[in-house]
Structure formats: C-alpha cells, structure tokens
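J.: Below is the file work.pdb, with PDB, C-alpha atoms.
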```
ATOM      1  CA  MET A  84       0.000   0.000   0.000
ATOM      2  CA  ASN A  85       3.004   2.310  -0.252
ATOM      3  CA  ASP A  86       1.634   3.764  -3.491
ATOM      4  CA  LEU A  87      -1.723   4.684  -1.909
ATOM      5  CA  ASP A  88      -2.275   8.442  -2.095
ATOM      6  CA  THR A  89      -3.863   9.621   1.165
ATOM      7  CA  ARG A  90      -3.980  13.328   0.359
ATOM      8  CA  GLU A  91      -7.456  14.680   1.038
ATOM      9  CA  TRP A  92     -10.059  16.812  -0.726
ATOM     10  CA  LEU A  93     -12.902  18.879   0.720
ATOM     11  CA  LEU A  94     -16.113  20.351  -0.727
ATOM     12  CA  THR A  95     -18.428  22.714   1.178
ATOM     13  CA  ASN A  96     -21.724  24.419   0.392
ATOM     14  CA  GLY A  97     -21.311  27.598   2.464
ATOM     15  CA  MET A  98     -24.144  26.551   4.793
ATOM     16  CA  GLY A  99     -22.219  24.086   6.951
ATOM     17  CA  SER A 100     -22.545  20.894   4.897
ATOM     18  CA  PHE A 101     -19.498  19.244   3.380
ATOM     19  CA  ALA A 102     -18.065  16.240   1.560
ATOM     20  CA  SER A 103     -14.535  14.934   1.926
ATOM     21  CA  GLY A 104     -12.301  11.983   1.148
ATOM     22  CA  THR A 105      -8.905  10.987  -0.201
ATOM     23  CA  VAL A 106      -7.280  11.122  -3.628
ATOM     24  CA  SER A 107      -7.166   7.313  -3.766
ATOM     25  CA  ASP A 108     -10.879   7.201  -2.811
ATOM     26  CA  VAL A 109     -10.418   5.169   0.370
ATOM     27  CA  ARG A 110     -12.147   6.389   3.545
ATOM     28  CA  THR A 111      -9.663   6.836   6.370
ATOM     29  CA  ARG A 112     -11.449   9.303   8.698
ATOM     30  CA  THR A 113     -14.746   9.584  10.527
ATOM     31  CA  TYR A 114     -15.209  12.815   8.570
ATOM     32  CA  HIS A 115     -15.054  11.220   5.135
ATOM     33  CA  GLY A 116     -18.340  10.996   3.237
ATOM     34  CA  TRP A 117     -20.214  12.484   0.312
ATOM     35  CA  LEU A 118     -23.054  14.201   2.165
ATOM     36  CA  ILE A 119     -22.364  15.319   5.720
ATOM     37  CA  ALA A 120     -25.273  17.675   6.199
ATOM     38  CA  ALA A 121     -25.587  20.652   8.548
ATOM     39  CA  THR A 122     -28.765  19.378  10.179
ATOM     40  CA  SER A 123     -28.535  21.719  13.193
ATOM     41  CA  PRO A 124     -26.037  24.491  12.398
ATOM     42  CA  PRO A 125     -23.652  25.851  13.330
ATOM     43  CA  SER A 126     -22.154  22.753  14.957
ATOM     44  CA  GLY A 127     -24.515  19.827  14.333
ATOM     45  CA  ARG A 128     -23.675  17.797  11.245
ATOM     46  CA  THR A 129     -24.896  14.348  10.259
ATOM     47  CA  LEU A 130     -23.334  11.834   7.885
ATOM     48  CA  LEU A 131     -26.159  10.597   5.665
ATOM     49  CA  PHE A 132     -24.501   9.434   2.447
ATOM     50  CA  SER A 133     -21.095   7.796   2.751
ATOM     51  CA  HIS A 134     -20.352   6.874  -0.871
ATOM     52  CA  LEU A 135     -21.205   4.718  -3.853
ATOM     53  CA  GLU A 136     -19.314   1.455  -4.201
ATOM     54  CA  ALA A 137     -18.830   1.206  -7.973
ATOM     55  CA  SER A 138     -18.106  -1.737 -10.239
ATOM     56  CA  LEU A 139     -18.006  -1.928 -14.022
ATOM     57  CA  GLU A 140     -19.295  -5.011 -15.805
ATOM     58  CA  LEU A 141     -17.422  -5.494 -19.072
ATOM     59  CA  PRO A 142     -17.492  -8.412 -21.520
ATOM     60  CA  ARG A 143     -15.995 -11.447 -19.748
ATOM     61  CA  ARG A 144     -15.053  -9.609 -16.530
ATOM     62  CA  VAL A 145     -16.233  -7.389 -13.677
ATOM     63  CA  VAL A 146     -13.975  -4.604 -12.424
ATOM     64  CA  ALA A 147     -14.350  -3.303  -8.849
ATOM     65  CA  LEU A 148     -13.357   0.359  -8.565
ATOM     66  CA  GLY A 149     -13.591   0.944  -4.821
ATOM     67  CA  THR A 150     -10.897   0.650  -2.155
ATOM     68  CA  ASN A 151     -11.689  -0.257   1.463
ATOM     69  CA  PHE A 152      -9.714  -0.935   4.620
ATOM     70  CA  TRP A 153     -11.285  -3.622   6.818
ATOM     71  CA  GLY A 154     -10.832  -4.370  10.503
ATOM     72  CA  SER A 155      -9.415  -7.790   9.581
ATOM     73  CA  GLY A 156      -6.431  -6.064   7.995
ATOM     74  CA  GLN A 157      -7.558  -6.817   4.455
ATOM     75  CA  VAL A 158      -7.651  -4.228   1.682
ATOM     76  CA  GLU A 159     -10.495  -5.170  -0.645
ATOM     77  CA  PRO A 160     -11.279  -4.310  -3.341
ATOM     78  CA  THR A 161      -8.172  -2.547  -4.651
ATOM     79  CA  GLY A 162      -9.633  -0.188  -7.212
ATOM     80  CA  TYR A 163      -6.883   2.344  -6.529
ATOM     81  CA  LYS A 164      -4.608   0.204  -8.695
ATOM     82  CA  LEU A 165      -6.769   1.097 -11.714
ATOM     83  CA  GLN A 166      -6.785   4.811 -10.975
ATOM     84  CA  ARG A 167      -5.130   6.776 -13.751
ATOM     85  CA  SER A 168      -5.458  10.344 -12.547
ATOM     86  CA  PHE A 169      -7.005  12.804 -10.112
ATOM     87  CA  GLU A 170      -7.743  16.485 -10.646
ATOM     88  CA  ILE A 171      -8.942  19.076  -8.139
ATOM     89  CA  ASN A 172      -9.884  22.043 -10.325
ATOM     90  CA  PRO A 173     -12.655  23.071 -10.503
ATOM     91  CA  VAL A 174     -14.112  20.016  -8.711
ATOM     92  CA  PRO A 175     -12.628  16.639  -7.730
ATOM     93  CA  LYS A 176     -12.362  14.276 -10.701
ATOM     94  CA  TRP A 177     -11.137  10.683 -10.739
ATOM     95  CA  ILE A 178     -10.351   8.556 -13.795
ATOM     96  CA  TRP A 179     -10.041   4.774 -13.689
ATOM     97  CA  GLY A 180      -9.165   2.715 -16.706
ATOM     98  CA  GLU A 181      -7.313   0.054 -18.635
ATOM     99  CA  ASP A 182      -6.411  -0.319 -22.299
ATOM    100  CA  ASP A 183      -9.974  -0.853 -23.502
ATOM    101  CA  TRP A 184     -12.070   1.286 -21.109
ATOM    102  CA  GLN A 185     -12.092   4.430 -18.998
ATOM    103  CA  LEU A 186     -14.521   5.705 -16.362
ATOM    104  CA  SER A 187     -14.441   9.179 -14.852
ATOM    105  CA  ARG A 188     -16.288  10.499 -11.808
ATOM    106  CA  GLN A 189     -16.795  14.074 -10.650
ATOM    107  CA  LEU A 190     -18.279  15.311  -7.368
ATOM    108  CA  LEU A 191     -19.818  18.769  -7.017
ATOM    109  CA  MET A 192     -21.465  20.319  -3.953
ATOM    110  CA  PRO A 193     -23.446  23.375  -5.111
ATOM    111  CA  SER A 194     -23.709  26.457  -2.943
ATOM    112  CA  GLY A 195     -26.403  26.066  -0.307
ATOM    113  CA  MET A 196     -28.224  29.276  -1.219
ATOM    114  CA  VAL A 197     -30.913  28.819  -3.857
ATOM    115  CA  GLN A 198     -33.253  31.274  -5.569
ATOM    116  CA  GLU A 199     -36.844  30.679  -4.551
ATOM    117  CA  GLU A 200     -39.702  32.161  -6.507
ATOM    118  CA  GLY A 201     -41.078  35.233  -4.742
ATOM    119  CA  GLN A 202     -37.999  35.582  -2.494
ATOM    120  CA  GLU A 203     -36.017  38.176  -4.386
ATOM    121  CA  GLY A 204     -32.843  39.075  -2.540
ATOM    122  CA  LEU A 205     -32.625  35.860  -0.556
ATOM    123  CA  GLY A 206     -31.323  33.575  -3.268
ATOM    124  CA  GLY A 207     -29.271  33.614  -6.430
ATOM    125  CA  ASN A 208     -25.608  34.524  -6.587
ATOM    126  CA  PHE A 209     -24.413  35.626  -3.165
ATOM    127  CA  SER A 210     -20.962  36.789  -2.325
ATOM    128  CA  HIS A 211     -19.341  35.338   0.783
ATOM    129  CA  SER A 212     -19.932  38.601   2.683
ATOM    130  CA  ASP A 213     -23.593  38.641   1.606
ATOM    131  CA  THR A 214     -24.129  35.148   2.980
ATOM    132  CA  ARG A 215     -22.372  36.007   6.239
ATOM    133  CA  THR A 216     -24.555  39.093   6.643
ATOM    134  CA  LEU A 217     -27.712  37.043   6.159
ATOM    135  CA  GLN A 218     -26.527  34.461   8.664
ATOM    136  CA  ASN A 219     -25.670  37.000  11.362
ATOM    137  CA  SER A 220     -28.353  39.644  10.935
ATOM    138  CA  PRO A 221     -31.581  39.218  12.962
ATOM    139  CA  HIS A 222     -33.266  41.496  10.420
ATOM    140  CA  LEU A 223     -32.500  39.232   7.460
ATOM    141  CA  PRO A 224     -33.280  35.661   8.488
ATOM    142  CA  ILE A 225     -32.681  32.955   5.924
ATOM    143  CA  PRO A 226     -35.899  31.017   5.304
ATOM    144  CA  PRO A 227     -35.369  27.241   5.319
ATOM    145  CA  SER A 228     -36.760  27.044   1.790
ATOM    146  CA  SER A 229     -33.789  29.125   0.596
ATOM    147  CA  ILE A 230     -31.206  26.602   1.814
ATOM    148  CA  THR A 231     -30.389  23.302   0.170
ATOM    149  CA  HIS A 232     -27.894  20.603   1.111
ATOM    150  CA  ARG A 233     -27.003  18.346  -1.817
ATOM    151  CA  ILE A 234     -24.236  16.803  -3.870
ATOM    152  CA  LEU A 235     -24.068  15.908  -7.556
ATOM    153  CA  ILE A 236     -22.212  12.840  -8.844
ATOM    154  CA  HIS A 237     -21.352  12.519 -12.527
ATOM    155  CA  TYR A 238     -19.937   9.415 -14.263
ATOM    156  CA  ARG A 239     -18.757   9.203 -17.888
ATOM    157  CA  TYR A 240     -17.773   6.009 -19.685
ATOM    158  CA  GLU A 241     -15.472   5.516 -22.664
ATOM    159  CA  GLY A 242     -14.511   2.149 -24.096
ATOM    160  CA  LYS A 243     -14.593  -0.309 -26.950
ATOM    161  CA  ASP A 244     -17.682  -2.180 -25.721
ATOM    162  CA  ALA A 245     -20.895  -1.395 -23.908
ATOM    163  CA  ALA A 246     -20.722  -1.788 -20.134
ATOM    164  CA  ILE A 247     -22.931  -1.871 -17.052
ATOM    165  CA  LEU A 248     -22.115   0.433 -14.155
ATOM    166  CA  ARG A 249     -23.280  -0.899 -10.800
ATOM    167  CA  LEU A 250     -23.482   1.599  -7.933
ATOM    168  CA  ARG A 251     -24.200   0.309  -4.438
ATOM    169  CA  LEU A 252     -25.367   2.889  -1.887
ATOM    170  CA  LEU A 253     -23.524   3.021   1.446
ATOM    171  CA  ILE A 254     -25.367   5.199   3.950
ATOM    172  CA  GLY A 255     -25.682   6.052   7.624
ATOM    173  CA  ASP A 256     -27.234   8.446  10.086
ATOM    174  CA  ARG A 257     -24.768   9.567  12.715
ATOM    175  CA  ASP A 258     -23.104  12.602  14.225
ATOM    176  CA  PHE A 259     -20.045  13.438  12.155
ATOM    177  CA  HIS A 260     -17.737  13.066  15.159
ATOM    178  CA  HIS A 261     -18.709   9.438  15.820
ATOM    179  CA  GLN A 262     -18.720   6.149  13.940
ATOM    180  CA  LEU A 263     -21.864   4.252  12.988
ATOM    181  CA  ILE A 264     -22.305   0.851  14.629
ATOM    182  CA  ALA A 265     -25.063  -1.552  13.565
ATOM    183  CA  THR A 266     -27.527  -2.332  16.359
ATOM    184  CA  LYS A 267     -30.875  -4.097  16.476
ATOM    185  CA  GLU A 268     -32.524  -0.761  17.311
ATOM    186  CA  LEU A 269     -31.235   0.949  14.145
ATOM    187  CA  HIS A 270     -33.290   0.536  10.984
ATOM    188  CA  PHE A 271     -33.462   2.301   7.631
ATOM    189  CA  SER A 272     -36.623   2.745   5.593
ATOM    190  CA  GLN A 273     -36.720   3.426   1.876
ATOM    191  CA  MET A 274     -39.508   4.553  -0.429
ATOM    192  CA  LEU A 275     -38.899   3.999  -4.110
ATOM    193  CA  GLY A 276     -40.287   6.496  -6.622
ATOM    194  CA  GLN A 277     -39.741   7.389 -10.254
ATOM    195  CA  GLN A 278     -35.939   7.397 -10.652
ATOM    196  CA  GLN A 279     -35.435   8.237  -6.990
ATOM    197  CA  VAL A 280     -35.406   6.665  -3.564
ATOM    198  CA  CYS A 281     -36.177   8.396  -0.263
ATOM    199  CA  LEU A 282     -34.275   7.186   2.815
ATOM    200  CA  GLN A 283     -34.667   7.720   6.552
ATOM    201  CA  ALA A 284     -33.218   6.103   9.653
ATOM    202  CA  ARG A 285     -35.161   5.060  12.736
ATOM    203  CA  ASN A 286     -33.287   4.403  15.971
ATOM    204  CA  SER A 287     -35.120   3.302  19.125
ATOM    205  CA  GLY A 288     -38.269   5.019  17.933
ATOM    206  CA  ASN A 289     -36.544   8.272  16.948
ATOM    207  CA  PHE A 290     -36.615   9.289  13.300
ATOM    208  CA  GLY A 291     -33.469  10.467  11.578
ATOM    209  CA  THR A 292     -32.950  13.049   8.857
ATOM    210  CA  PRO A 293     -34.842  12.233   5.632
ATOM    211  CA  TRP A 294     -32.970  12.547   2.344
ATOM    212  CA  HIS A 295     -33.262  11.205  -1.157
ATOM    213  CA  LEU A 296     -31.133  10.064  -4.055
ATOM    214  CA  ARG A 297     -32.272  10.503  -7.635
ATOM    215  CA  TRP A 298     -30.672   9.550 -10.911
ATOM    216  CA  GLN A 299     -30.803  10.462 -14.563
ATOM    217  CA  LEU A 300     -31.106   6.905 -15.817
ATOM    218  CA  GLY A 301     -30.755   3.359 -14.541
ATOM    219  CA  ASN A 302     -32.668   0.714 -12.593
ATOM    220  CA  TYR A 303     -32.658   0.594  -8.808
ATOM    221  CA  GLN A 304     -32.866  -2.717  -6.956
ATOM    222  CA  PRO A 305     -33.610  -2.756  -3.199
ATOM    223  CA  ASP A 306     -31.140  -5.152  -1.586
ATOM    224  CA  THR A 307     -30.625  -4.436   2.109
ATOM    225  CA  VAL A 308     -27.339  -5.507   3.697
ATOM    226  CA  TRP A 309     -24.965  -4.270   6.395
ATOM    227  CA  TYR A 310     -21.255  -3.837   5.650
ATOM    228  CA  TRP A 311     -19.466  -4.403   8.936
ATOM    229  CA  ASN A 312     -16.076  -3.466  10.301
ATOM    230  CA  TYR A 313     -14.588  -0.803   8.066
ATOM    231  CA  GLN A 314     -11.307   0.439   9.514
ATOM    232  CA  LEU A 315     -10.493   4.159   9.525
ATOM    233  CA  LEU A 316      -6.707   4.240   9.608
ATOM    234  CA  GLU A 317      -6.288   7.935  10.370
ATOM    235  CA  GLU A 318      -8.445   7.479  13.461
ATOM    236  CA  THR A 319      -6.259   4.521  14.431
ATOM    237  CA  GLN A 320      -3.230   6.798  14.272
ATOM    238  CA  ARG A 321      -5.030   9.334  16.465
ATOM    239  CA  GLY A 322      -5.920   6.712  19.070
ATOM    240  CA  LEU A 323      -9.662   7.219  18.541
ATOM    241  CA  GLY A 324     -12.524   4.935  17.575
ATOM    242  CA  ASP A 325     -11.574   3.490  14.200
ATOM    243  CA  ARG A 326     -14.285   0.950  13.239
ATOM    244  CA  GLU A 327     -17.512   1.620  11.416
ATOM    245  CA  ASP A 328     -20.488  -0.222   9.927
ATOM    246  CA  LEU A 329     -22.421   1.131   6.948
ATOM    247  CA  PHE A 330     -25.834   0.171   5.641
ATOM    248  CA  SER A 331     -26.677  -0.482   1.999
ATOM    249  CA  PRO A 332     -30.371  -0.223   1.018
ATOM    250  CA  GLY A 333     -29.766  -1.329  -2.572
ATOM    251  CA  TYR A 334     -27.923  -0.664  -5.797
ATOM    252  CA  LEU A 335     -28.375   1.094  -9.129
ATOM    253  CA  THR A 336     -27.431  -0.467 -12.479
ATOM    254  CA  VAL A 337     -26.824   1.753 -15.497
ATOM    255  CA  ALA A 338     -26.277   0.449 -19.032
ATOM    256  CA  LEU A 339     -23.649   2.595 -20.753
ATOM    257  CA  ASN A 340     -22.480   2.758 -24.334
ATOM    258  CA  PRO A 341     -19.123   4.399 -25.116
ATOM    259  CA  GLY A 342     -19.492   8.140 -24.576
ATOM    260  CA  ASP A 343     -22.503   7.860 -22.258
ATOM    261  CA  ALA A 344     -22.753   9.706 -18.949
ATOM    262  CA  VAL A 345     -25.058   9.564 -15.938
ATOM    263  CA  THR A 346     -25.732  12.152 -13.224
ATOM    264  CA  LEU A 347     -27.033  11.495  -9.704
ATOM    265  CA  GLU A 348     -28.072  13.867  -6.933
ATOM    266  CA  ALA A 349     -28.294  13.279  -3.181
ATOM    267  CA  ARG A 350     -30.346  15.930  -1.362
ATOM    268  CA  VAL A 351     -31.515  16.434   2.215
ATOM    269  CA  GLY A 352     -35.293  16.371   2.691
ATOM    270  CA  PHE A 353     -38.212  14.615   1.099
ATOM    271  CA  PRO A 354     -38.549  14.769  -2.705
ATOM    272  CA  GLU A 355     -40.450  17.758  -4.027
ATOM    273  CA  PRO A 356     -42.980  17.354  -6.869
ATOM    274  CA  THR A 357     -41.661  20.542  -8.478
ATOM    275  CA  SER A 358     -38.041  19.363  -8.684
ATOM    276  CA  ASP A 359     -36.462  19.537 -12.108
ATOM    277  CA  VAL A 360     -35.768  16.244 -13.832
ATOM    278  CA  LEU A 361     -32.087  15.336 -13.986
ATOM    279  CA  THR A 362     -30.769  15.582 -17.544
ATOM    280  CA  SER A 363     -27.427  15.456 -19.309
ATOM    281  CA  GLU A 364     -27.200  19.236 -18.863
ATOM    282  CA  THR A 365     -27.819  19.283 -15.102
ATOM    283  CA  PHE A 366     -24.244  18.629 -14.088
ATOM    284  CA  ALA A 367     -22.760  20.823 -16.843
ATOM    285  CA  GLN A 368     -24.874  23.777 -15.738
ATOM    286  CA  ALA A 369     -24.008  23.235 -12.075
ATOM    287  CA  LEU A 370     -20.313  23.001 -12.947
ATOM    288  CA  GLU A 371     -20.484  26.243 -14.912
ATOM    289  CA  ALA A 372     -22.216  27.954 -11.991
ATOM    290  CA  GLU A 373     -19.569  26.659  -9.585
ATOM    291  CA  GLN A 374     -16.750  27.922 -11.792
ATOM    292  CA  GLU A 375     -18.391  31.338 -11.928
ATOM    293  CA  ARG A 376     -18.930  31.369  -8.161
ATOM    294  CA  LEU A 377     -15.292  30.507  -7.473
ATOM    295  CA  SER A 378     -14.033  33.090  -9.941
ATOM    296  CA  GLN A 379     -16.108  35.775  -8.208
ATOM    297  CA  ILE A 380     -14.878  34.781  -4.764
ATOM    298  CA  PHE A 381     -11.189  34.433  -5.545
ATOM    299  CA  ALA A 382     -10.893  36.519  -8.733
ATOM    300  CA  CYS A 383      -8.469  33.830  -9.830
ATOM    301  CA  GLY A 384      -7.556  32.395 -13.166
ATOM    302  CA  VAL A 385      -6.685  28.719 -13.336
ATOM    303  CA  GLY A 386      -3.415  27.784 -14.924
ATOM    304  CA  GLY A 387      -1.937  24.310 -14.982
ATOM    305  CA  VAL A 388      -3.139  21.485 -12.801
ATOM    306  CA  GLY A 389      -3.140  22.642  -9.185
ATOM    307  CA  GLU A 390      -2.080  26.210 -10.069
ATOM    308  CA  ALA A 391      -3.967  29.483  -9.981
ATOM    309  CA  TRP A 392      -3.149  33.160 -10.202
ATOM    310  CA  CYS A 393      -4.995  36.075  -8.671
ATOM    311  CA  GLY A 394      -5.291  39.447 -10.352
ATOM    312  CA  GLY A 395      -5.077  42.839  -8.744
ATOM    313  CA  GLY A 396      -1.383  43.603  -9.138
ATOM    314  CA  LYS A 397      -0.216  46.881  -7.585
ATOM    315  CA  ASN A 398       1.535  48.202 -10.665
ATOM    316  CA  LYS A 399      -0.398  49.563 -13.578
ATOM    317  CA  GLY A 400      -0.593  47.016 -16.354
ATOM    318  CA  ASP A 401      -0.010  44.062 -14.094
ATOM    319  CA  SER A 402      -2.131  41.167 -15.271
ATOM    320  CA  LYS A 403      -1.312  38.559 -12.681
ATOM    321  CA  GLU A 404       0.794  37.704  -9.700
ATOM    322  CA  THR A 405       3.216  34.858  -9.350
ATOM    323  CA  PRO A 406       1.374  31.535  -9.718
ATOM    324  CA  ARG A 407       0.455  30.035  -6.365
ATOM    325  CA  ARG A 408      -0.136  26.387  -5.590
ATOM    326  CA  LEU A 409      -3.517  25.297  -4.270
ATOM    327  CA  LEU A 410      -4.090  22.525  -1.701
ATOM    328  CA  GLY A 411      -0.439  22.306  -0.799
ATOM    329  CA  ASP A 412       2.001  20.460  -3.012
ATOM    330  CA  THR A 413       0.016  19.362  -6.031
ATOM    331  CA  GLN A 414       2.948  18.862  -8.348
ATOM    332  CA  ASN A 415       1.801  15.385  -9.302
ATOM    333  CA  VAL A 416      -1.904  15.803  -8.678
ATOM    334  CA  GLY A 417      -2.715  15.489 -12.386
ATOM    335  CA  ASN A 418      -1.236  12.013 -12.394
ATOM    336  CA  ILE A 419      -1.005  10.667  -8.880
ATOM    337  CA  PHE A 420       1.197   7.776  -9.927
ATOM    338  CA  SER A 421       3.945   9.936 -11.448
ATOM    339  CA  PRO A 422       7.366   9.188  -9.979
ATOM    340  CA  PRO A 423       8.238  11.644  -7.202
TER     341      PRO A 423
END
```
How would this structure read if it were set down as structure tokens?
T.:
Amino acid sequence: MNDLDTREWLLTNGMGSFASGTVSDVRTRTYHGWLIAATSPPSGRTLLFSHLEASLELPRRVVALGTNFWGSGQVEPTGYKLQRSFEINPVPKWIWGEDDWQLSRQLLMPSGMVQEEGQEGLGGNFSHSDTRTLQNSPHLPIPPSSITHRILIHYRYEGKDAAILRLRLLIGDRDFHHQLIATKELHFSQMLGQQQVCLQARNSGNFGTPWHLRWQLGNYQPDTVWYWNYQLLEETQRGLGDREDLFSPGYLTVALNPGDAVTLEARVGFPEPTSDVLTSETFAQALEAEQERLSQIFACGVGGVGEAWCGGGKNKGDSKETPRRLLGDTQNVGNIFSPP
C-alpha cells in the first residue's frame, strides 16, 4: 500500500454541509463521506450518504473500482490500482481505466443558497460577505426554503464495448464526530419512486434526517445488507474509535455505451414534486455555476493542474501575480502515480 495516495479533498456548500475523502478514494477518517449535512447548524452535522461502491461489468469480466480498509487487515477491493489520474480544479475528478475502457467520476457540492420564486434578494448569486450578513443579521433571516444541502455525482464512460455500471449505496445516520455501529434498534426505511429513492433512519423510535437520491437513468434494486467493520486508519493513528459499519439499502445499475454519462443527486429532505428532472445538462450547468462562483470569490484564473493566479497587481498594467499552488504540493496531482 506504499503507493496509496492519502492526500485529502474537501467540498463545502457555504451553509455548513461538506463532503470529503482521499485522492485514492479510500475512507480513512470519521469525517469522510459524500453528504455530511448541517442538520442543526452551526455545529450539528450528520453523515447521511457515505459513498457509492462502484463496479463496471465489461465483456468477460467485472472490475471493482472501490478501495476499502477492513478491521481484519484486508484491503479489498483494490480499485486504486486502476486509478489513472485525479484532478482538483474546478471540482474533484477521478479517472479509472485500462487499455480498452475508462470511467471518470466528478463530485460537485453546489452552494447552499438557492433562488426561490417570490424571495427576491434571498437567493441567487451571493458573495461570501452577503451570505455572512444574512446568517448574522436578525433582520435578514434565511428562510429554510432558501437553503439546500445536496451533492451531484457525474460518471462518464469511454470504451470499446458497452458496459454496465453498478453503484451500491452506502449510507448512515450519525453525528459526524462518531462512527456508525449496527444495532438491532437501528433501521433504515426506503420509499422507491420514479428514478429516486427516499431514505430515513429510525433508531429506538426516533426518526433520523430524511434525504433522497435521484438519478438520470438506470434501474434501482432494493437489496438491504450491512457492511461491517470498516477500519479508519487515520483514526487509528489518532488513538480514537476506528471501526464503522455502513448500511446499503440497494444498488443502481446503469447500461452505458461508449461516450454515455449519468448524473445522480443526493439531497436532504423529502422529494419535491416541483423538482427539475435530472438531464445530461444538469451537471454541466451546475459546474459552470460553480466555476463562476469561485471566480467571483477568488478573482483567480486557473493555470496548470493545481495552479492558480490572482489578479489585482499593484503596478499599472499588471495582469497577474506569481502563480500560487492550491491545496499544498500538487505537483503530481494530475497524475497521482507519477514518480516523485
């Protein structure tokens, strides 16, 4: 495991929710997950959606893309060995592949402020200072309908043959400082709708936070199973609780031809009848909005992988400052398996 890249990435929505993980896609901390929602801000956050365990069914073979540490000491599967590259700008992007196929995945957590009809001035494109003012001012409360906690997941397949992408949901309902342990009192309910499933935990009679996952295309199969005894190695190093169980309510299968893509969205709350249908443009539009938001906040231009420059030089005619590295040393972030 010496070639395992444990550098970490972080996405936030400006309203307290976040997603985080490692470059090699293995979970090593209690704080790793794809939707850790600010259920009772400013401090209360709940892990709802851990990740999707992905496998690709190709002619004559099945390829597992995930990587997991287990309490037994095993590392299985070892999808990190198929990882070709990782990029951070403008959102985290992984590429797995071999000679005859390639699969990419991007994760995007949109800003938590949304424009609601009839609420002019409380949604749309906020600057960071605008959002802070709304949060702190008793005269400008943020209505709950103007806040959303969600993450978008986008897969794209390239290859010589058609393939089937299988995505198994791994979920929980726990405080983000503690691990989830399976007990006889903890249950998860699911309600299946048109291209979406709504999920909610129930623990000793208390209901957890409802949320739902929806997808652009594919067939969902309920198949409930517990995955026991994940090991979180960074917590081991810290001398803290380092074992976790995760629940899987089912899996999604998506038939993909070369060049096909599929977008999914996990969102806190019950599904709304007025929600837009996910399309091939949903992720592209969200990515464009995120790029614009980041450019407004940082006034930065993106150069090479892991590099950015910020304008505003002191001398007249200056167009940019010296390039600065983002997220620490990202010299090899474009290809994580480059020799040091």
J.: Hey, can I get the axis-aligned box for region 269-276 of chain A? All listed atoms, 3 Å padding on each side, centre and edge lengths in Å to one decimal, as lines of an AutoDock Vina configuration file.
T.:
```
center_x = -35.8
center_y = 3.5
center_z = 3.8
size_x = 15.1
size_y = 12.0
size_z = 26.8
```
J.: Just want the 7 Å neighbourhood of region 282-296 of chain A, counted on only C-alpha atoms, with same-chain residues fewer than 6 positions away dropped. Output as JSON, numbers by chain.
T.: {"A": [256, 268, 269, 270, 271, 272, 273, 274, 348, 349, 350, 351, 352, 353, 354]}
J.: When the PyMOL selection byres ((chain A and resi 313) around 7) is applied to the structure above, which residues does it catch, written out as a ChimeraX atom specification?
T.: /A:152-154,311-312,314-315,326-328
J.: Would you compute the distance between CA of Ser100 (chain A) and CA of Arg233 (chain A)? Give it in Å to one decimal.
T.: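 Those two atoms sit 8.5 Å apart.
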J.: To one decimal place, how far is CA of Trp92 (chain A) from CA of Leu148 (chain A) in Å?
T.: 18.5 Å
J.: Would you mind reading off the distance between CA of Val337 (chain A) and CA of Leu131 (chain A), one decimal, in Å?
T.: 22.9 Å
J.: Nearest residue to Tyr163 (chain A) out of A:Gly149, A:Gly255, A:Pro175, A:Pro305, using all atoms listed in the file?
T.: A:Gly149
J.: Any idea what's packed within 9 Å of region 357-367 of chain A, counting only C-alpha atoms, ignoring anything in its chain fewer than 6 positions away? Could you give it as a ChimeraX atom specification?
T.: /A:191,235-237,297-300,344-348
J.: Between A:Leu316, A:Leu130, A:Met192, A:Val146, single out the one closest to Val158 (chain A), counting all atoms listed in the file.
T.: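 Selected residue with least distance to Val158 (chain A): A:Leu316.
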J.: Rank nothing, just name the residue among A:Ile178, A:Met98, A:Ile264, A:Ala382 nearest to Thr122 (chain A), using only C-alpha atoms.
T.: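 Among the listed residues, the smallest separation from Thr122 (chain A) belongs to A:Met98.
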J.: Counting all atoms listed in the file, which of A:Thr150, A:Ser107, A:Asn302, A:Ser331 gets nearest to Gln279 (chain A)?
T.: A:Asn302
J.: So which residues are close to (-26.5, 4.1, -8.5), meaning at most 8 Å away in the file's coordinates with all atoms listed in the file counted, and can you show them as a VMD selection string?
T.: chain A and resid 135 249 to 252 298 301 303 334 to 337 347
J.: Just the residues within 12 Å of region 136-139 of chain A, please, counting all atoms listed in the file, with nothing from its chain fewer than 4 positions along; format it as a VMD selection string.
T.: chain A and resid 108 to 110 117 132 143 to 151 159 to 162 165 179 to 181 184 to 188 238 to 242 244 to 254 310 329 to 331 333 to 339
J.: For Gly127 (chain A), please output as a compact mmCIF listing (two decimals) with C-alpha atoms, in the frame of the given file all residues within 9 Å (counting all atoms listed in the file; exclusion window: fewer than 3 positions along the same chain).
T.:
```
# COMPACT_ATOMS: atom_id res chain seq x y z
CA GLY A 99 -22.22 24.09 6.95
CA ALA A 120 -25.27 17.68 6.20
CA ALA A 121 -25.59 20.65 8.55
CA THR A 122 -28.76 19.38 10.18
CA SER A 123 -28.54 21.72 13.19
CA PRO A 124 -26.04 24.49 12.40
CA ASP A 258 -23.10 12.60 14.22
CA PHE A 259 -20.05 13.44 12.16
```
